[in-house]
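Presented below is the structure to which this report refers.
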Amino acid sequence: AVVARYLDRIVARDWDAVAACVAEDVVRVGPFGDTYTPRSPYLAFLSELMPSLEGYSMHVERVFGTDRLVVAELSETVTLDGTAVETPEALVFDLDHEGLISHISIYIQRRP
């Protein structure tokens with residue numbers, strides 16, 4: 001449930017709710033090895049990035065896992081040079097003992 005809420009609140013740009021989903025020592029590793037940790041720098045990154053993404057949308061295909069490891073398959077779409085560009089992704093979430101997101105790894109698929 002915390003991952004579904006996190007994804008929903010990312011799209012809504014509800015940074016307080018996003019903060020409530022992640023542990024203070026969260027580590028986010030992006031598809032290019034870019035890493036943000038702990039929570040404050042990560043939220044600053046998100047709150048600056050998301051408003052800059054023209055035409056942003058997210059479509060979640062499925063979220064599945066256990067009480068400590070969750071995977072989300074989704075696609076994100078942004079508008080680049082007037083064209084909608086969709087990127088399929090898989091996000092792997094580790095959850096801590098309190099049920100908060102402690103680690104996020106992002107993997108993307110490149111389309112020709």
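Labels used: A, B, ... for chains in the order of the structure tokens, numbers from 1 for residues in each chain, and numbers from 1 for ligands as shown.
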Neighbour list for range 87-102 of chain A as number ranges by chain, cut-off 7 Å, only C-alpha atoms, skip fewer than 6 positions in-chain: A: 2, 21-23, 25-27, 68-77, 108-109
All strand (DSSP E) residues (DSSP, backbone) inside chain A, as a VMD selection string: chain A and resid 22 to 29 35 to 36 57 to 65 69 to 80 83 to 95 101 to 108
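When CA of Glu54 in chain A is paired with CA of Val11 in chain A, their separation reads 12.6 Å.
Take the candidates A:Gly33, A:Ser47, A:Val63, A:Asp16 and check each one against Val3 in chain A using only C-alpha atoms; the shortest distance goes to A:Val63.
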Proximity to Glu24 in chain A - best of A:Gly55, A:Phe64, A:Arg39, A:Ala12, only C-alpha atoms: A:Arg39
Residue set, chain A restricted to alpha helix (DSSP H), as JSON, numbers by chain: {"A": [2, 3, 4, 5, 6, 7, 8, 9, 10, 11, 12, 15, 16, 17, 18, 19, 20, 21, 39, 40, 41, 42, 43, 44, 45, 46, 47, 48, 49]}
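Interatomic distance, CA of Ala44 in chain A against CA of Asp14 in chain A: 12.4 Å.
When only C-alpha atoms are used to compute distances to Tyr56 in chain A, the closest of the residues A:Ala4, A:Val29, A:Ile10, A:Ala20 turns out to be A:Ile10.
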CA of Pro31 in chain A to CA of Thr66 in chain A, distance in Å rounded to a single decimal: 23.1 Å
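Residue nearest Ile104 in chain A within the list A:Asp8, A:Gly30, A:Arg13, A:Ala1: A:Gly30 [criterion: smallest interatomic distance, only C-alpha atoms].
Taking only C-alpha atoms into account, Ser105 in chain A lies nearest to A:Tyr36 out of the set A:Asp81, A:Leu46, A:Arg5, A:Tyr36.
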